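Visitor: final-v1.pdb is reproduced below (PDB, C-alpha atoms).
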ATOM      1  CA  MET E   1      12.420  22.015  -1.745
ATOM      2  CA  ARG E   2      12.461  20.684  -5.307
ATOM      3  CA  ALA E   3       9.133  19.309  -6.522
ATOM      4  CA  ALA E   4       6.912  18.667  -9.554
ATOM      5  CA  VAL E   5       3.891  20.911  -9.079
ATOM      6  CA  VAL E   6       0.589  21.231 -10.928
ATOM      7  CA  TYR E   7      -0.767  24.767 -10.704
ATOM      8  CA  GLN E   8      -3.894  24.318 -12.801
ATOM      9  CA  LYS E   9      -5.939  21.290 -13.829
ATOM     10  CA  GLY E  10      -4.981  19.891 -17.174
ATOM     11  CA  SER E  11      -1.610  21.630 -17.212
ATOM     12  CA  MET E  12       1.761  19.908 -17.159
ATOM     13  CA  PRO E  13       3.631  19.648 -13.855
ATOM     14  CA  VAL E  14       6.192  22.396 -13.352
ATOM     15  CA  TYR E  15       9.631  21.760 -11.851
ATOM     16  CA  VAL E  16      10.037  24.036  -8.835
ATOM     17  CA  GLU E  17      13.151  24.416  -6.713
ATOM     18  CA  ASP E  18      11.692  26.420  -3.824
ATOM     19  CA  PHE E  19       8.319  24.807  -3.081
ATOM     20  CA  PRO E  20       7.475  24.943   0.668
ATOM     21  CA  GLU E  21       8.286  21.800   2.634
ATOM     22  CA  PRO E  22       5.254  20.056   4.173
ATOM     23  CA  VAL E  23       4.708  20.602   7.891
ATOM     24  CA  ILE E  24       3.571  17.937  10.372
ATOM     25  CA  ASN E  25       0.178  18.867  11.834
ATOM     26  CA  ASP E  26      -0.957  15.623  13.453
ATOM     27  CA  LYS E  27       0.501  12.949  15.750
ATOM     28  CA  ASP E  28      -0.053  10.284  13.076
ATOM     29  CA  GLU E  29       1.904  12.193  10.418
ATOM     30  CA  LEU E  30       5.562  11.600   9.602
ATOM     31  CA  LEU E  31       7.978  13.434   7.331
ATOM     32  CA  MET E  32       9.656  11.311   4.685
ATOM     33  CA  SER E  33      12.636  12.065   2.438
ATOM     34  CA  VAL E  34      11.467  10.684  -0.910
ATOM     35  CA  LYS E  35      13.761   8.367  -2.874
ATOM     36  CA  ALA E  36      11.421   7.008  -5.588
ATOM     37  CA  SER E  37       7.801   7.321  -6.708
ATOM     38  CA  ALA E  38       5.874   5.733  -9.582
ATOM     39  CA  ILE E  39       3.482   7.864 -11.634
ATOM     40  CA  LYS E  40       0.291   5.898 -12.254
ATOM     41  CA  HIS E  41      -2.820   6.513 -14.346
ATOM     42  CA  LEU E  42      -4.550   7.611 -11.140
ATOM     43  CA  ASP E  43      -1.945  10.321 -10.577
ATOM     44  CA  LYS E  44      -2.297  11.529 -14.165
ATOM     45  CA  SER E  45      -6.081  11.579 -13.878
ATOM     46  CA  ARG E  46      -5.993  13.570 -10.659
ATOM     47  CA  ALA E  47      -3.470  16.041 -12.042
ATOM     48  CA  GLY E  48      -5.673  16.546 -15.080
ATOM     49  CA  GLY E  49      -8.770  17.120 -12.939
ATOM     50  CA  LYS E  50     -10.515  14.118 -14.505
ATOM     51  CA  HIS E  51     -10.680  11.873 -11.440
ATOM     52  CA  TYR E  52     -13.806  11.998  -9.248
ATOM     53  CA  SER E  53     -11.669  12.922  -6.238
ATOM     54  CA  SER E  54     -10.439  16.099  -7.950
ATOM     55  CA  GLU E  55     -11.933  19.461  -7.088
ATOM     56  CA  THR E  56     -14.675  20.698  -9.397
ATOM     57  CA  ASN E  57     -13.478  24.298  -9.750
ATOM     58  CA  ALA E  58     -11.312  25.300 -12.693
ATOM     59  CA  MET E  59      -8.440  26.466 -10.490
ATOM     60  CA  GLN E  60      -6.860  24.690  -7.592
ATOM     61  CA  GLN E  61      -4.163  25.155  -5.013
ATOM     62  CA  PRO E  62      -0.683  24.194  -6.259
ATOM     63  CA  LYS E  63      -0.310  20.474  -5.736
ATOM     64  CA  VAL E  64       2.697  18.160  -5.845
ATOM     65  CA  VAL E  65       2.262  15.115  -8.119
ATOM     66  CA  GLY E  66       2.451  11.502  -6.919
ATOM     67  CA  GLY E  67       0.331   9.469  -4.528
ATOM     68  CA  ASP E  68       2.802   6.981  -3.042
ATOM     69  CA  GLY E  69       6.484   6.212  -2.931
ATOM     70  CA  VAL E  70       9.582   5.031  -1.150
ATOM     71  CA  GLY E  71      11.748   7.048   1.198
ATOM     72  CA  LEU E  72      13.490   7.465   4.516
ATOM     73  CA  LEU E  73      11.904   8.539   7.768
ATOM     74  CA  GLU E  74      13.741  10.940  10.043
ATOM     75  CA  ASP E  75      15.178   7.995  12.017
ATOM     76  CA  GLY E  76      16.550   6.403   8.824
ATOM     77  CA  THR E  77      13.858   3.721   8.446
ATOM     78  CA  ARG E  78      13.152   2.977   4.766
ATOM     79  CA  VAL E  79       9.467   2.571   3.938
ATOM     80  CA  PHE E  80       6.891   2.409   1.176
ATOM     81  CA  ALA E  81       4.024   4.738   2.029
ATOM     82  CA  PHE E  82       0.953   6.529   0.737
ATOM     83  CA  GLY E  83       1.423  10.270   0.765
ATOM     84  CA  ILE E  84      -0.698  12.870   2.486
ATOM     85  CA  THR E  85       1.184  15.316   0.291
ATOM     86  CA  GLY E  86       2.597  14.624  -3.173
ATOM     87  CA  MET E  87       5.553  12.298  -3.598
ATOM     88  CA  ILE E  88       7.411  13.819  -6.560
ATOM     89  CA  ALA E  89       9.295  16.068  -4.197
ATOM     90  CA  GLU E  90      12.232  15.957  -1.841
ATOM     91  CA  LYS E  91       9.944  15.706   1.191
ATOM     92  CA  ALA E  92       6.440  14.351   1.744
ATOM     93  CA  LEU E  93       4.049  13.867   4.630
ATOM     94  CA  ILE E  94       2.807  10.323   5.197
ATOM     95  CA  ASP E  95       0.371   8.655   7.582
ATOM     96  CA  LYS E  96       2.236   6.241   9.852
ATOM     97  CA  THR E  97      -0.714   3.823   9.641
ATOM     98  CA  ARG E  98      -0.307   3.586   5.847
ATOM     99  CA  MET E  99       3.325   2.576   5.439
ATOM    100  CA  VAL E 100       5.361  -0.624   5.200
ATOM    101  CA  LYS E 101       8.975  -1.081   6.251
ATOM    102  CA  LEU E 102      11.114  -2.386   3.395
ATOM    103  CA  PRO E 103      13.712  -5.177   3.485
ATOM    104  CA  GLU E 104      17.244  -4.425   2.331
ATOM    105  CA  SER E 105      16.888  -6.950  -0.503
ATOM    106  CA  ILE E 106      14.622  -4.676  -2.586
ATOM    107  CA  ASP E 107      15.860  -1.484  -4.241
ATOM    108  CA  ASP E 108      13.996   1.844  -4.120
ATOM    109  CA  ILE E 109      12.826   1.845  -7.746
ATOM    110  CA  THR E 110      11.446  -1.701  -7.650
ATOM    111  CA  ALA E 111       9.753  -1.065  -4.309
ATOM    112  CA  ALA E 112       8.048   2.017  -5.724
ATOM    113  CA  ALA E 113       6.965   0.336  -8.960
ATOM    114  CA  LEU E 114       5.581  -2.969  -7.651
ATOM    115  CA  PRO E 115       2.746  -2.115  -5.188
ATOM    116  CA  ASN E 116       0.220  -0.851  -7.725
ATOM    117  CA  ALA E 117       0.594  -3.917  -9.948
ATOM    118  CA  VAL E 118       0.709  -6.338  -7.015
ATOM    119  CA  ALA E 119      -2.379  -4.822  -5.401
ATOM    120  CA  GLY E 120      -4.233  -4.792  -8.716
ATOM    121  CA  SER E 121      -3.655  -8.484  -9.346
ATOM    122  CA  ALA E 122      -3.889  -9.715  -5.741
ATOM    123  CA  MET E 123      -7.174  -7.895  -5.110
ATOM    124  CA  ALA E 124      -8.643  -9.245  -8.349
ATOM    125  CA  LEU E 125      -7.604 -12.820  -7.592
ATOM    126  CA  LEU E 126      -8.344 -13.016  -3.876
ATOM    127  CA  PHE E 127     -11.116 -10.522  -3.194
ATOM    128  CA  ARG E 128     -12.988 -10.238  -6.469
ATOM    129  CA  ALA E 129     -12.645 -13.797  -7.763
ATOM    130  CA  GLY E 130     -12.098 -15.564  -4.435
ATOM    131  CA  MET E 131      -9.335 -17.688  -5.924
ATOM    132  CA  GLN E 132      -8.490 -20.926  -4.121
ATOM    133  CA  ALA E 133      -5.273 -22.906  -4.267
ATOM    134  CA  GLY E 134      -5.437 -25.590  -6.952
ATOM    135  CA  GLU E 135      -7.600 -23.579  -9.373
ATOM    136  CA  THR E 136      -6.861 -22.743 -13.009
ATOM    137  CA  VAL E 137      -6.337 -19.075 -13.862
ATOM    138  CA  LEU E 138      -6.542 -17.429 -17.293
ATOM    139  CA  ILE E 139      -4.764 -14.067 -17.555
ATOM    140  CA  ASN E 140      -5.856 -12.231 -20.670
ATOM    141  CA  GLY E 141      -3.328  -9.652 -21.872
ATOM    142  CA  ALA E 142      -0.560 -10.892 -19.619
ATOM    143  CA  THR E 143       2.448  -9.390 -21.410
ATOM    144  CA  GLY E 144       2.145  -5.954 -19.787
ATOM    145  CA  PHE E 145       3.767  -5.096 -16.460
ATOM    146  CA  THR E 146       0.665  -5.787 -14.357
ATOM    147  CA  GLY E 147      -0.044  -8.992 -16.268
ATOM    148  CA  ARG E 148       3.464 -10.266 -15.650
ATOM    149  CA  VAL E 149       3.066  -9.578 -11.950
ATOM    150  CA  ALA E 150      -0.340 -11.304 -11.974
ATOM    151  CA  VAL E 151       1.259 -14.508 -13.254
ATOM    152  CA  GLN E 152       3.629 -14.540 -10.295
ATOM    153  CA  VAL E 153       0.919 -13.597  -7.793
ATOM    154  CA  ALA E 154      -1.359 -16.370  -9.065
ATOM    155  CA  LYS E 155       1.506 -18.843  -8.753
ATOM    156  CA  TYR E 156       2.282 -17.614  -5.240
ATOM    157  CA  TYR E 157      -1.319 -18.138  -4.154
ATOM    158  CA  GLY E 158      -1.308 -21.712  -5.387
ATOM    159  CA  ALA E 159      -2.800 -21.709  -8.875
ATOM    160  CA  LYS E 160      -2.634 -25.236 -10.280
ATOM    161  CA  ARG E 161      -2.484 -24.056 -13.892
ATOM    162  CA  ILE E 162      -1.932 -20.586 -15.372
ATOM    163  CA  ILE E 163      -2.881 -19.823 -18.973
ATOM    164  CA  VAL E 164      -1.801 -16.508 -20.492
ATOM    165  CA  THR E 165      -2.639 -14.612 -23.658
ATOM    166  CA  GLY E 166      -0.877 -11.739 -25.391
ATOM    167  CA  ARG E 167       0.363 -10.337 -28.683
ATOM    168  CA  ASN E 168       4.087 -10.044 -28.042
ATOM    169  CA  GLU E 169       5.543 -13.462 -28.767
ATOM    170  CA  GLU E 170       8.830 -12.841 -26.959
ATOM    171  CA  SER E 171       7.060 -11.608 -23.836
ATOM    172  CA  LEU E 172       4.661 -14.547 -23.956
ATOM    173  CA  GLN E 173       7.548 -17.011 -24.020
ATOM    174  CA  SER E 174       9.188 -15.274 -21.061
ATOM    175  CA  LEU E 175       6.046 -15.810 -18.973
ATOM    176  CA  LEU E 176       6.747 -19.544 -18.942
ATOM    177  CA  ALA E 177       9.761 -18.871 -16.712
ATOM    178  CA  LEU E 178       7.570 -16.798 -14.363
ATOM    179  CA  GLY E 179       5.034 -19.564 -13.754
ATOM    180  CA  ALA E 180       2.727 -19.708 -16.783
ATOM    181  CA  ASP E 181       1.871 -23.220 -17.972
ATOM    182  CA  GLU E 182       0.412 -22.419 -21.387
ATOM    183  CA  ILE E 183       0.593 -19.445 -23.725
ATOM    184  CA  ILE E 184      -1.946 -18.389 -26.336
ATOM    185  CA  SER E 185      -1.179 -15.812 -29.020
ATOM    186  CA  LEU E 186      -3.768 -13.134 -29.689
ATOM    187  CA  LYS E 187      -2.334 -12.565 -33.161
ATOM    188  CA  GLN E 188      -4.132 -15.568 -34.631
ATOM    189  CA  GLY E 189      -7.561 -15.272 -36.254
ATOM    190  CA  ASP E 190     -10.689 -15.028 -34.110
ATOM    191  CA  GLU E 191     -11.996 -18.477 -35.021
ATOM    192  CA  THR E 192      -8.669 -20.146 -34.271
ATOM    193  CA  LEU E 193      -8.332 -18.231 -31.001
ATOM    194  CA  VAL E 194     -11.839 -19.133 -29.832
ATOM    195  CA  ALA E 195     -11.289 -22.775 -30.752
ATOM    196  CA  GLN E 196      -8.026 -22.883 -28.803
ATOM    197  CA  LEU E 197      -9.617 -21.287 -25.730
ATOM    198  CA  LYS E 198     -12.509 -23.746 -25.879
ATOM    199  CA  ALA E 199     -10.093 -26.655 -26.143
ATOM    200  CA  VAL E 200      -8.098 -25.416 -23.153
ATOM    201  CA  HIS E 201     -11.260 -24.970 -21.085
ATOM    202  CA  ALA E 202     -12.541 -28.412 -22.091
ATOM    203  CA  GLY E 203      -9.303 -30.026 -20.971
ATOM    204  CA  VAL E 204      -8.866 -28.185 -17.669
ATOM    205  CA  PRO E 205     -11.814 -25.890 -16.859
ATOM    206  CA  VAL E 206     -10.814 -22.306 -16.160
ATOM    207  CA  ASP E 207     -11.893 -21.153 -12.691
ATOM    208  CA  VAL E 208     -10.704 -17.524 -12.708
ATOM    209  CA  VAL E 209     -10.196 -14.994 -15.524
ATOM    210  CA  ILE E 210      -8.307 -11.709 -15.196
ATOM    211  CA  ASP E 211      -8.731  -9.512 -18.253
ATOM    212  CA  TYR E 212      -6.152  -6.759 -18.778
ATOM    213  CA  LEU E 213      -7.253  -6.050 -22.344
TER     214      LEU E 213
END
Can you dump the structure from the file as structure tokens?

Guide:
Amino acid sequence: MRAAVVYQKGSMPVYVEDFPEPVINDKDELLMSVKASAIKHLDKSRAGGKHYSSETNAMQQPKVVGGDGVGLLEDGTRVFAFGITGMIAEKALIDKTRMVKLPESIDDITAAALPNAVAGSAMALLFRAGMQAGETVLINGATGFTGRVAVQVAKYYGAKRIIVTGRNEESLQSLLALGADEIISLKQGDETLVAQLKAVHAGVPVDVVIDYL
């Protein structure tokens, strides 16, 4: 099968057309035909041998890149799943306890791209900060992809007021349509920025801060 394979830590993935297809070895494993997979910082770190979960020896067995993705099961069911084997390949093994069936309304690319950002913001808001409906949330550095998702997640979970900061003026303005109530530019001087943040907090105290900077 075609796949992107890392043969040695720190090296670039190599495109291979005849890499062996994964074989099911357990009753909880399923074979998935991959349609889309997002490459995250975690995947890059693992491929480079810099993540704590990587092996410590200089060489390693050839490994397909990609930790999760979207694809079709053998019965045609479309799912998002975490891979037992790498996802940047035509086929991947997944654990049937770590997959989610996808609705027809979401396309493959969006379904592959969203989970990491959604999990990152939802876990921060709900589990780390213990956010409650009606609270005020400040999202620092909200103009990136994860920050934009965080605005929508905070709104979904009932934030009363959402304040966002960022450097890109156009992106900041677009966050108002996604649920932000107030935008603060990080391009202004430190004293002005601090004064504005203090004024915002004095008016409606900030309960939760997510910092993506």

Visitor: Please compute the CA of Leu186 (chain E)-CA of Met131 (chain E) distance, one decimal, in Å.

Guide: 24.8 Å

Visitor: Residues picked by the PyMOL selection byres ((chain E and resi 30) around 7) here, as a VMD selection string?

Guide: chain E and resid 24 28 to 29 31 to 32 93 to 96

Visitor: Counting all atoms listed in the file, which of E:Ser45, E:Ser185, E:Gln8, E:Ser33 gets nearest to Val79 (chain E)?

Guide: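 Smallest distance to Val79 (chain E) is found for E:Ser33.
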
Visitor: Tell me which residues the PyMOL selection byres ((chain E and resi 158-174) around 8) grabs here, as a count of residues only.

Guide: 30

Visitor: Go through E:Val153, E:Val208, E:Val64, E:Val70 and flag the residue nearest Phe82 (chain E), using only C-alpha atoms for the distances.

Guide: E:Val70

Visitor: Select, from E:Val6, E:Met12, E:Leu114, E:Val23, the residue with the minimum atom-to-atom distance to Val65 (chain E), counting all atoms listed in the file.

Guide: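 For Val65 (chain E), the nearest of the given residues is E:Val6.
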
Visitor: Let me make sure I understand: among E:Glu90, E:Leu193, E:Ala4, E:Gly147, which one has the smallest atom-to-atom distance to Gly120 (chain E) if we use only C-alpha atoms?

Guide: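 Selected residue with least distance to Gly120 (chain E): E:Gly147.
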
Visitor: Rank E:Leu125, E:Met87, E:Met99, E:Ile210 by their smallest atom-to-atom distance to Asp43 (chain E), using only C-alpha atoms, and report the top residue only.

Guide: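 Result for the nearest residue to Asp43 (chain E): E:Met87.
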